[in-house]
Amino acid sequence: MTKLVSIVMGSDSDLEVMQECADVLKDFGVSYEMQVMSAHRTPDLVAKFSANAAQEGKKVIIAGAGAAAHLAGAIAANTTLPVIGIPLAATALNGMDALLATVQMPAGVPVATVAVGKSGAKNAGLLAVQILALSDAKLVEKLAKYKSAMAKSCQEKNQRLQEKIRK
Ligand code: RP5
């Protein structure tokens, strides 16, 4: 059966960061697939994948790449599906190269670009869940629970801080 979210990355060296994204989807019970493909090393494969993704039933594509990161943009060029781009720190420029390459898309070809690295990968997973939640009430409920757990954890941190500074 077709997975709702497709996670693609430029190399297997990106996997450690991209796993954050997969973990979020798993926690929310959203089906996903993961693949390595490269805008530069396998351009034909990327074009074919993106051109077929919508009719295969995929709903969101998440693409992470480092260096001159053209993967998300190359996919967005060939699909009407929402594409989320994760810039990765893979070179001496620490992700600044990938950030600019991913975020600076020309008008007409959007890539929803998240932060560089693990925070971005996690947020990409959450953003995909939020997109799917537009037509899935159960996901809306899970997102609400996620947000209240996060708020609770933040309040607990504040409480611990107050106890510490009172001593
Ligand atoms: C990018 O080049 C990949 O996304 C990766 O972040 C970076 C380095 O790739 P490898 O040389 O480790 O395969 O295309």
# chains A, B, ... in the order shown; residues from 1 in each chain; ligands from 1
call {"tool": "residues_around", "arguments": {"residues": "Leu93 in chain A", "least_positions_apart": "4", "cutoff": "10 Å", "atoms": "only C-alpha atoms", "output": "PyMOL selection string"}}
result
chain A and resi 66-67+89+97-98
call {"tool": "closest_atom_pairs", "arguments": {"of": "chain A", "to": "ligand 1", "cutoff": "10 Å", "atoms": "only C-alpha atoms and all ligand atoms", "output": "JSON lines"}}
result
{"residue": "A:Val8", "atom": "CA", "partner": "ligand 1", "partner_atom_place_in_ligand_line": "4 (O)", "distance": 9.4}
{"residue": "A:Met9", "atom": "CA", "partner": "ligand 1", "partner_atom_place_in_ligand_line": "4 (O)", "distance": 5.8}
{"residue": "A:Gly10", "atom": "CA", "partner": "ligand 1", "partner_atom_place_in_ligand_line": "4 (O)", "distance": 3.3}
{"residue": "A:Ser11", "atom": "CA", "partner": "ligand 1", "partner_atom_place_in_ligand_line": "13 (O)", "distance": 4.5}
{"residue": "A:Asp12", "atom": "CA", "partner": "ligand 1", "partner_atom_place_in_ligand_line": "13 (O)", "distance": 6.5}
{"residue": "A:Ser13", "atom": "CA", "partner": "ligand 1", "partner_atom_place_in_ligand_line": "12 (O)", "distance": 4.7}
{"residue": "A:Asp14", "atom": "CA", "partner": "ligand 1", "partner_atom_place_in_ligand_line": "6 (O)", "distance": 5.4}
{"residue": "A:Leu15", "atom": "CA", "partner": "ligand 1", "partner_atom_place_in_ligand_line": "6 (O)", "distance": 9.1}
{"residue": "A:Val17", "atom": "CA", "partner": "ligand 1", "partner_atom_place_in_ligand_line": "6 (O)", "distance": 9.9}
{"residue": "A:Val36", "atom": "CA", "partner": "ligand 1", "partner_atom_place_in_ligand_line": "4 (O)", "distance": 8.6}
{"residue": "A:Met37", "atom": "CA", "partner": "ligand 1", "partner_atom_place_in_ligand_line": "4 (O)", "distance": 8.5}
{"residue": "A:Ser38", "atom": "CA", "partner": "ligand 1", "partner_atom_place_in_ligand_line": "14 (O)", "distance": 6.0}
{"residue": "A:Ala39", "atom": "CA", "partner": "ligand 1", "partner_atom_place_in_ligand_line": "14 (O)", "distance": 7.4}
{"residue": "A:His40", "atom": "CA", "partner": "ligand 1", "partner_atom_place_in_ligand_line": "14 (O)", "distance": 7.2}
{"residue": "A:Arg41", "atom": "CA", "partner": "ligand 1", "partner_atom_place_in_ligand_line": "14 (O)", "distance": 7.8}
{"residue": "A:Ala63", "atom": "CA", "partner": "ligand 1", "partner_atom_place_in_ligand_line": "4 (O)", "distance": 9.2}
{"residue": "A:Gly64", "atom": "CA", "partner": "ligand 1", "partner_atom_place_in_ligand_line": "4 (O)", "distance": 6.5}
{"residue": "A:Ala65", "atom": "CA", "partner": "ligand 1", "partner_atom_place_in_ligand_line": "4 (O)", "distance": 3.4}
{"residue": "A:Gly66", "atom": "CA", "partner": "ligand 1", "partner_atom_place_in_ligand_line": "6 (O)", "distance": 3.3}
{"residue": "A:Ala67", "atom": "CA", "partner": "ligand 1", "partner_atom_place_in_ligand_line": "2 (O)", "distance": 5.2}
{"residue": "A:Ala68", "atom": "CA", "partner": "ligand 1", "partner_atom_place_in_ligand_line": "14 (O)", "distance": 7.1}
{"residue": "A:Ala69", "atom": "CA", "partner": "ligand 1", "partner_atom_place_in_ligand_line": "14 (O)", "distance": 6.3}
{"residue": "A:His70", "atom": "CA", "partner": "ligand 1", "partner_atom_place_in_ligand_line": "14 (O)", "distance": 8.2}
{"residue": "A:Leu71", "atom": "CA", "partner": "ligand 1", "partner_atom_place_in_ligand_line": "14 (O)", "distance": 7.9}
{"residue": "A:Ile86", "atom": "CA", "partner": "ligand 1", "partner_atom_place_in_ligand_line": "4 (O)", "distance": 9.8}
{"residue": "A:Pro87", "atom": "CA", "partner": "ligand 1", "partner_atom_place_in_ligand_line": "6 (O)", "distance": 8.4}
{"residue": "A:Leu88", "atom": "CA", "partner": "ligand 1", "partner_atom_place_in_ligand_line": "6 (O)", "distance": 6.0}
{"residue": "A:Ala89", "atom": "CA", "partner": "ligand 1", "partner_atom_place_in_ligand_line": "6 (O)", "distance": 6.9}
{"residue": "A:Ala90", "atom": "CA", "partner": "ligand 1", "partner_atom_place_in_ligand_line": "6 (O)", "distance": 4.9}
{"residue": "A:Thr91", "atom": "CA", "partner": "ligand 1", "partner_atom_place_in_ligand_line": "7 (C)", "distance": 7.5}
{"residue": "A:Gly95", "atom": "CA", "partner": "ligand 1", "partner_atom_place_in_ligand_line": "6 (O)", "distance": 9.1}
{"residue": "A:Ala98", "atom": "CA", "partner": "ligand 1", "partner_atom_place_in_ligand_line": "6 (O)", "distance": 8.5}
call {"tool": "select_by_dssp", "arguments": {"residues": "chain A", "states": "alpha helix (DSSP H)", "output": "PyMOL selection string"}}
result
chain A and resi 15-27+43-53+71-76+96-103+118-133+137-166
call {"tool": "write_last_selection", "arguments": {"atoms": "C-alpha atoms", "output": "PDB file, in the first residue's frame"}}
result
ATOM      1  CA  LEU A  15      20.071   9.265   7.786  1.00  0.00           C
ATOM      2  CA  GLU A  16      20.929  10.090  11.401  1.00  0.00           C
ATOM      3  CA  VAL A  17      19.249  13.503  11.095  1.00  0.00           C
ATOM      4  CA  MET A  18      16.401  12.348   8.861  1.00  0.00           C
ATOM      5  CA  GLN A  19      15.536   9.617  11.362  1.00  0.00           C
ATOM      6  CA  GLU A  20      14.133  12.377  13.636  1.00  0.00           C
ATOM      7  CA  CYS A  21      11.509  13.016  11.026  1.00  0.00           C
ATOM      8  CA  ALA A  22      10.641   9.335  10.637  1.00  0.00           C
ATOM      9  CA  ASP A  23      10.342   8.997  14.425  1.00  0.00           C
ATOM     10  CA  VAL A  24       7.717  11.764  14.556  1.00  0.00           C
ATOM     11  CA  LEU A  25       5.651  10.131  11.811  1.00  0.00           C
ATOM     12  CA  LYS A  26       5.916   6.779  13.588  1.00  0.00           C
ATOM     13  CA  ASP A  27       4.761   8.337  16.899  1.00  0.00           C
ATOM     14  CA  PRO A  43      18.559  13.241 -11.486  1.00  0.00           C
ATOM     15  CA  ASP A  44      16.410  10.961 -13.689  1.00  0.00           C
ATOM     16  CA  LEU A  45      15.239   8.963 -10.695  1.00  0.00           C
ATOM     17  CA  VAL A  46      14.288  12.163  -8.816  1.00  0.00           C
ATOM     18  CA  ALA A  47      12.291  13.449 -11.811  1.00  0.00           C
ATOM     19  CA  LYS A  48      10.448  10.131 -12.212  1.00  0.00           C
ATOM     20  CA  PHE A  49       9.757   9.808  -8.494  1.00  0.00           C
ATOM     21  CA  SER A  50       8.301  13.319  -8.211  1.00  0.00           C
ATOM     22  CA  ALA A  51       6.255  13.081 -11.394  1.00  0.00           C
ATOM     23  CA  ASN A  52       4.577   9.847 -10.166  1.00  0.00           C
ATOM     24  CA  ALA A  53       4.236  10.630  -6.446  1.00  0.00           C
ATOM     25  CA  LEU A  71      16.779  17.868  -3.912  1.00  0.00           C
ATOM     26  CA  ALA A  72      13.651  19.494  -2.451  1.00  0.00           C
ATOM     27  CA  GLY A  73      13.496  22.060  -5.249  1.00  0.00           C
ATOM     28  CA  ALA A  74      14.002  19.480  -7.977  1.00  0.00           C
ATOM     29  CA  ILE A  75      11.142  17.439  -6.524  1.00  0.00           C
ATOM     30  CA  ALA A  76       8.877  20.498  -6.154  1.00  0.00           C
ATOM     31  CA  MET A  96      24.349  27.559   5.412  1.00  0.00           C
ATOM     32  CA  ASP A  97      24.889  26.307   1.853  1.00  0.00           C
ATOM     33  CA  ALA A  98      22.011  23.830   2.095  1.00  0.00           C
ATOM     34  CA  LEU A  99      19.748  26.387   3.813  1.00  0.00           C
ATOM     35  CA  LEU A 100      20.117  28.929   1.018  1.00  0.00           C
ATOM     36  CA  ALA A 101      19.821  26.314  -1.720  1.00  0.00           C
ATOM     37  CA  THR A 102      16.644  24.899  -0.160  1.00  0.00           C
ATOM     38  CA  VAL A 103      14.866  28.060   0.945  1.00  0.00           C
ATOM     39  CA  LYS A 118      17.608  17.719  13.755  1.00  0.00           C
ATOM     40  CA  SER A 119      15.148  20.431  14.893  1.00  0.00           C
ATOM     41  CA  GLY A 120      14.210  20.972  11.272  1.00  0.00           C
ATOM     42  CA  ALA A 121      13.813  17.252  10.666  1.00  0.00           C
ATOM     43  CA  LYS A 122      11.509  16.944  13.660  1.00  0.00           C
ATOM     44  CA  ASN A 123       9.479  19.973  12.569  1.00  0.00           C
ATOM     45  CA  ALA A 124       9.246  18.612   9.037  1.00  0.00           C
ATOM     46  CA  GLY A 125       7.594  15.492  10.457  1.00  0.00           C
ATOM     47  CA  LEU A 126       5.209  17.608  12.527  1.00  0.00           C
ATOM     48  CA  LEU A 127       4.361  19.853   9.583  1.00  0.00           C
ATOM     49  CA  ALA A 128       3.559  16.794   7.483  1.00  0.00           C
ATOM     50  CA  VAL A 129       1.267  15.552  10.267  1.00  0.00           C
ATOM     51  CA  GLN A 130      -0.421  18.977  10.405  1.00  0.00           C
ATOM     52  CA  ILE A 131      -1.016  18.915   6.645  1.00  0.00           C
ATOM     53  CA  LEU A 132      -2.538  15.427   6.872  1.00  0.00           C
ATOM     54  CA  ALA A 133      -4.598  16.510   9.900  1.00  0.00           C
ATOM     55  CA  ALA A 137      -9.713  14.335  12.890  1.00  0.00           C
ATOM     56  CA  LYS A 138      -7.718  11.681  14.783  1.00  0.00           C
ATOM     57  CA  LEU A 139      -4.482  13.412  13.872  1.00  0.00           C
ATOM     58  CA  VAL A 140      -5.941  16.735  15.065  1.00  0.00           C
ATOM     59  CA  GLU A 141      -6.602  15.093  18.443  1.00  0.00           C
ATOM     60  CA  LYS A 142      -3.076  13.648  18.590  1.00  0.00           C
ATOM     61  CA  LEU A 143      -1.574  17.033  17.708  1.00  0.00           C
ATOM     62  CA  ALA A 144      -3.567  18.706  20.490  1.00  0.00           C
ATOM     63  CA  LYS A 145      -2.267  16.099  22.978  1.00  0.00           C
ATOM     64  CA  TYR A 146       1.278  16.617  21.701  1.00  0.00           C
ATOM     65  CA  LYS A 147       1.006  20.371  22.252  1.00  0.00           C
ATOM     66  CA  SER A 148      -0.376  20.055  25.776  1.00  0.00           C
ATOM     67  CA  ALA A 149       2.368  17.559  26.730  1.00  0.00           C
ATOM     68  CA  MET A 150       4.933  20.041  25.407  1.00  0.00           C
ATOM     69  CA  ALA A 151       3.381  22.895  27.425  1.00  0.00           C
ATOM     70  CA  LYS A 152       3.349  20.713  30.555  1.00  0.00           C
ATOM     71  CA  SER A 153       7.010  19.842  30.112  1.00  0.00           C
ATOM     72  CA  CYS A 154       7.893  23.520  29.691  1.00  0.00           C
ATOM     73  CA  GLN A 155       5.997  24.446  32.844  1.00  0.00           C
ATOM     74  CA  GLU A 156       7.796  21.690  34.751  1.00  0.00           C
ATOM     75  CA  LYS A 157      11.122  23.116  33.568  1.00  0.00           C
ATOM     76  CA  ASN A 158      10.085  26.516  34.915  1.00  0.00           C
ATOM     77  CA  GLN A 159       9.053  24.977  38.223  1.00  0.00           C
ATOM     78  CA  ARG A 160      12.435  23.231  38.562  1.00  0.00           C
ATOM     79  CA  LEU A 161      14.200  26.494  37.759  1.00  0.00           C
ATOM     80  CA  GLN A 162      12.193  28.373  40.385  1.00  0.00           C
ATOM     81  CA  GLU A 163      13.040  25.720  42.993  1.00  0.00           C
ATOM     82  CA  LYS A 164      16.719  25.926  42.079  1.00  0.00           C
ATOM     83  CA  ILE A 165      16.997  29.711  42.319  1.00  0.00           C
ATOM     84  CA  ARG A 166      15.061  29.785  45.587  1.00  0.00           C
TER      85      ARG A 166
END
call {"tool": "closest_residue", "arguments": {"among": "A:Phe28, A:Asn78, A:Ile61, A:Ala54", "to": "Thr113 in chain A", "atoms": "only C-alpha atoms"}}
result
A:Ile61
call {"tool": "atom_distance", "arguments": {"atom1": "CA of Gln55 in chain A", "atom2": "CA of Ala77 in chain A"}}
result
15.8 Å
call {"tool": "atom_distance", "arguments": {"atom1": "CA of Thr80 in chain A", "atom2": "CA of Gln104 in chain A"}}
result
18.4 Å
call {"tool": "atom_distance", "arguments": {"atom1": "CA of Val111 in chain A", "atom2": "CA of Ser135 in chain A"}}
result
21.3 Å
call {"tool": "decode", "arguments": {"residues": "range 139-155 of chain A", "atoms": "all heavy atoms", "output": "PDB file, in the first residue's frame"}}
result
ATOM      1  N   LEU A 139      -5.795  12.739  13.810  1.00  0.00           N
ATOM      2  CA  LEU A 139      -4.482  13.412  13.872  1.00  0.00           C
ATOM      3  C   LEU A 139      -4.596  14.757  14.568  1.00  0.00           C
ATOM      4  O   LEU A 139      -3.679  15.172  15.283  1.00  0.00           O
ATOM      5  CB  LEU A 139      -3.897  13.589  12.461  1.00  0.00           C
ATOM      6  CG  LEU A 139      -3.321  12.335  11.795  1.00  0.00           C
ATOM      7  CD1 LEU A 139      -2.729  12.676  10.428  1.00  0.00           C
ATOM      8  CD2 LEU A 139      -2.265  11.663  12.666  1.00  0.00           C
ATOM      9  N   VAL A 140      -5.732  15.451  14.372  1.00  0.00           N
ATOM     10  CA  VAL A 140      -5.941  16.735  15.065  1.00  0.00           C
ATOM     11  C   VAL A 140      -5.893  16.494  16.574  1.00  0.00           C
ATOM     12  O   VAL A 140      -5.236  17.223  17.325  1.00  0.00           O
ATOM     13  CB  VAL A 140      -7.299  17.377  14.668  1.00  0.00           C
ATOM     14  CG1 VAL A 140      -7.556  18.640  15.482  1.00  0.00           C
ATOM     15  CG2 VAL A 140      -7.334  17.695  13.180  1.00  0.00           C
ATOM     16  N   GLU A 141      -6.572  15.445  17.009  1.00  0.00           N
ATOM     17  CA  GLU A 141      -6.602  15.093  18.443  1.00  0.00           C
ATOM     18  C   GLU A 141      -5.185  14.785  18.952  1.00  0.00           C
ATOM     19  O   GLU A 141      -4.778  15.267  20.014  1.00  0.00           O
ATOM     20  CB  GLU A 141      -7.459  13.833  18.586  1.00  0.00           C
ATOM     21  CG  GLU A 141      -8.461  13.864  19.710  1.00  0.00           C
ATOM     22  CD  GLU A 141      -9.347  12.639  19.595  1.00  0.00           C
ATOM     23  OE1 GLU A 141      -8.983  11.610  20.187  1.00  0.00           O
ATOM     24  OE2 GLU A 141     -10.371  12.710  18.875  1.00  0.00           O
ATOM     25  N   LYS A 142      -4.447  13.996  18.171  1.00  0.00           N
ATOM     26  CA  LYS A 142      -3.076  13.648  18.590  1.00  0.00           C
ATOM     27  C   LYS A 142      -2.185  14.888  18.650  1.00  0.00           C
ATOM     28  O   LYS A 142      -1.341  15.006  19.541  1.00  0.00           O
ATOM     29  CB  LYS A 142      -2.467  12.623  17.618  1.00  0.00           C
ATOM     30  CG  LYS A 142      -3.036  11.223  17.770  1.00  0.00           C
ATOM     31  CD  LYS A 142      -2.353  10.263  16.813  1.00  0.00           C
ATOM     32  CE  LYS A 142      -3.023   8.911  16.840  1.00  0.00           C
ATOM     33  NZ  LYS A 142      -2.461   7.981  15.837  1.00  0.00           N
ATOM     34  N   LEU A 143      -2.373  15.803  17.697  1.00  0.00           N
ATOM     35  CA  LEU A 143      -1.574  17.033  17.708  1.00  0.00           C
ATOM     36  C   LEU A 143      -1.891  17.879  18.933  1.00  0.00           C
ATOM     37  O   LEU A 143      -0.993  18.469  19.549  1.00  0.00           O
ATOM     38  CB  LEU A 143      -1.832  17.852  16.425  1.00  0.00           C
ATOM     39  CG  LEU A 143      -1.099  17.345  15.176  1.00  0.00           C
ATOM     40  CD1 LEU A 143      -1.715  17.933  13.906  1.00  0.00           C
ATOM     41  CD2 LEU A 143       0.393  17.666  15.233  1.00  0.00           C
ATOM     42  N   ALA A 144      -3.171  17.928  19.307  1.00  0.00           N
ATOM     43  CA  ALA A 144      -3.567  18.706  20.490  1.00  0.00           C
ATOM     44  C   ALA A 144      -2.914  18.108  21.736  1.00  0.00           C
ATOM     45  O   ALA A 144      -2.395  18.836  22.598  1.00  0.00           O
ATOM     46  CB  ALA A 144      -5.086  18.725  20.617  1.00  0.00           C
ATOM     47  N   LYS A 145      -2.904  16.771  21.826  1.00  0.00           N
ATOM     48  CA  LYS A 145      -2.267  16.099  22.978  1.00  0.00           C
ATOM     49  C   LYS A 145      -0.769  16.399  22.995  1.00  0.00           C
ATOM     50  O   LYS A 145      -0.175  16.638  24.043  1.00  0.00           O
ATOM     51  CB  LYS A 145      -2.482  14.589  22.888  1.00  0.00           C
ATOM     52  CG  LYS A 145      -3.797  14.176  23.507  1.00  0.00           C
ATOM     53  CD  LYS A 145      -3.905  12.660  23.597  1.00  0.00           C
ATOM     54  CE  LYS A 145      -5.348  12.284  23.869  1.00  0.00           C
ATOM     55  NZ  LYS A 145      -5.722  10.987  23.308  1.00  0.00           N
ATOM     56  N   TYR A 146      -0.162  16.345  21.817  1.00  0.00           N
ATOM     57  CA  TYR A 146       1.278  16.617  21.701  1.00  0.00           C
ATOM     58  C   TYR A 146       1.587  18.014  22.236  1.00  0.00           C
ATOM     59  O   TYR A 146       2.525  18.206  23.007  1.00  0.00           O
ATOM     60  CB  TYR A 146       1.698  16.499  20.234  1.00  0.00           C
ATOM     61  CG  TYR A 146       3.150  16.824  19.970  1.00  0.00           C
ATOM     62  CD1 TYR A 146       4.139  15.849  20.063  1.00  0.00           C
ATOM     63  CD2 TYR A 146       3.538  18.120  19.620  1.00  0.00           C
ATOM     64  CE1 TYR A 146       5.468  16.152  19.828  1.00  0.00           C
ATOM     65  CE2 TYR A 146       4.865  18.431  19.379  1.00  0.00           C
ATOM     66  CZ  TYR A 146       5.817  17.445  19.480  1.00  0.00           C
ATOM     67  OH  TYR A 146       7.136  17.755  19.247  1.00  0.00           O
ATOM     68  N   LYS A 147       0.778  18.983  21.826  1.00  0.00           N
ATOM     69  CA  LYS A 147       1.006  20.371  22.252  1.00  0.00           C
ATOM     70  C   LYS A 147       0.810  20.527  23.763  1.00  0.00           C
ATOM     71  O   LYS A 147       1.575  21.240  24.413  1.00  0.00           O
ATOM     72  CB  LYS A 147       0.078  21.327  21.493  1.00  0.00           C
ATOM     73  CG  LYS A 147       0.562  21.639  20.095  1.00  0.00           C
ATOM     74  CD  LYS A 147       0.137  23.025  19.647  1.00  0.00           C
ATOM     75  CE  LYS A 147       0.591  23.350  18.239  1.00  0.00           C
ATOM     76  NZ  LYS A 147       1.988  23.742  18.166  1.00  0.00           N
ATOM     77  N   SER A 148      -0.205  19.869  24.328  1.00  0.00           N
ATOM     78  CA  SER A 148      -0.376  20.055  25.776  1.00  0.00           C
ATOM     79  C   SER A 148       0.722  19.340  26.555  1.00  0.00           C
ATOM     80  O   SER A 148       1.161  19.851  27.593  1.00  0.00           O
ATOM     81  CB  SER A 148      -1.788  19.707  26.265  1.00  0.00           C
ATOM     82  OG  SER A 148      -2.166  18.482  25.795  1.00  0.00           O
ATOM     83  N   ALA A 149       1.233  18.220  26.053  1.00  0.00           N
ATOM     84  CA  ALA A 149       2.368  17.559  26.730  1.00  0.00           C
ATOM     85  C   ALA A 149       3.598  18.467  26.691  1.00  0.00           C
ATOM     86  O   ALA A 149       4.351  18.567  27.667  1.00  0.00           O
ATOM     87  CB  ALA A 149       2.671  16.226  26.056  1.00  0.00           C
ATOM     88  N   MET A 150       3.786  19.153  25.553  1.00  0.00           N
ATOM     89  CA  MET A 150       4.933  20.041  25.407  1.00  0.00           C
ATOM     90  C   MET A 150       4.816  21.222  26.388  1.00  0.00           C
ATOM     91  O   MET A 150       5.792  21.612  27.025  1.00  0.00           O
ATOM     92  CB  MET A 150       4.997  20.546  23.960  1.00  0.00           C
ATOM     93  CG  MET A 150       6.264  21.236  23.592  1.00  0.00           C
ATOM     94  SD  MET A 150       6.457  21.411  21.806  1.00  0.00           S
ATOM     95  CE  MET A 150       4.902  22.094  21.312  1.00  0.00           C
ATOM     96  N   ALA A 151       3.605  21.766  26.514  1.00  0.00           N
ATOM     97  CA  ALA A 151       3.381  22.895  27.425  1.00  0.00           C
ATOM     98  C   ALA A 151       3.639  22.453  28.871  1.00  0.00           C
ATOM     99  O   ALA A 151       4.279  23.167  29.652  1.00  0.00           O
ATOM    100  CB  ALA A 151       1.959  23.423  27.264  1.00  0.00           C
ATOM    101  N   LYS A 152       3.163  21.230  29.201  1.00  0.00           N
ATOM    102  CA  LYS A 152       3.349  20.713  30.555  1.00  0.00           C
ATOM    103  C   LYS A 152       4.851  20.582  30.861  1.00  0.00           C
ATOM    104  O   LYS A 152       5.321  20.979  31.920  1.00  0.00           O
ATOM    105  CB  LYS A 152       2.637  19.359  30.668  1.00  0.00           C
ATOM    106  CG  LYS A 152       2.572  18.827  32.054  1.00  0.00           C
ATOM    107  CD  LYS A 152       1.646  17.626  32.154  1.00  0.00           C
ATOM    108  CE  LYS A 152       1.791  16.962  33.503  1.00  0.00           C
ATOM    109  NZ  LYS A 152       2.270  15.587  33.417  1.00  0.00           N
ATOM    110  N   SER A 153       5.575  20.034  29.909  1.00  0.00           N
ATOM    111  CA  SER A 153       7.010  19.842  30.112  1.00  0.00           C
ATOM    112  C   SER A 153       7.732  21.184  30.289  1.00  0.00           C
ATOM    113  O   SER A 153       8.643  21.316  31.112  1.00  0.00           O
ATOM    114  CB  SER A 153       7.562  19.031  28.927  1.00  0.00           C
ATOM    115  OG  SER A 153       8.839  19.419  28.599  1.00  0.00           O
ATOM    116  N   CYS A 154       7.290  22.193  29.563  1.00  0.00           N
ATOM    117  CA  CYS A 154       7.893  23.520  29.691  1.00  0.00           C
ATOM    118  C   CYS A 154       7.594  24.121  31.071  1.00  0.00           C
ATOM    119  O   CYS A 154       8.492  24.700  31.714  1.00  0.00           O
ATOM    120  CB  CYS A 154       7.351  24.409  28.570  1.00  0.00           C
ATOM    121  SG  CYS A 154       8.140  26.002  28.495  1.00  0.00           S
ATOM    122  N   GLN A 155       6.364  23.922  31.523  1.00  0.00           N
ATOM    123  CA  GLN A 155       5.997  24.446  32.844  1.00  0.00           C
ATOM    124  C   GLN A 155       6.777  23.741  33.954  1.00  0.00           C
ATOM    125  O   GLN A 155       7.187  24.362  34.935  1.00  0.00           O
ATOM    126  CB  GLN A 155       4.491  24.301  33.060  1.00  0.00           C
ATOM    127  CG  GLN A 155       3.715  25.352  32.298  1.00  0.00           C
ATOM    128  CD  GLN A 155       2.239  25.039  32.185  1.00  0.00           C
ATOM    129  OE1 GLN A 155       1.836  23.876  32.100  1.00  0.00           O
ATOM    130  NE2 GLN A 155       1.427  26.073  32.183  1.00  0.00           N
TER     131      GLN A 155
END
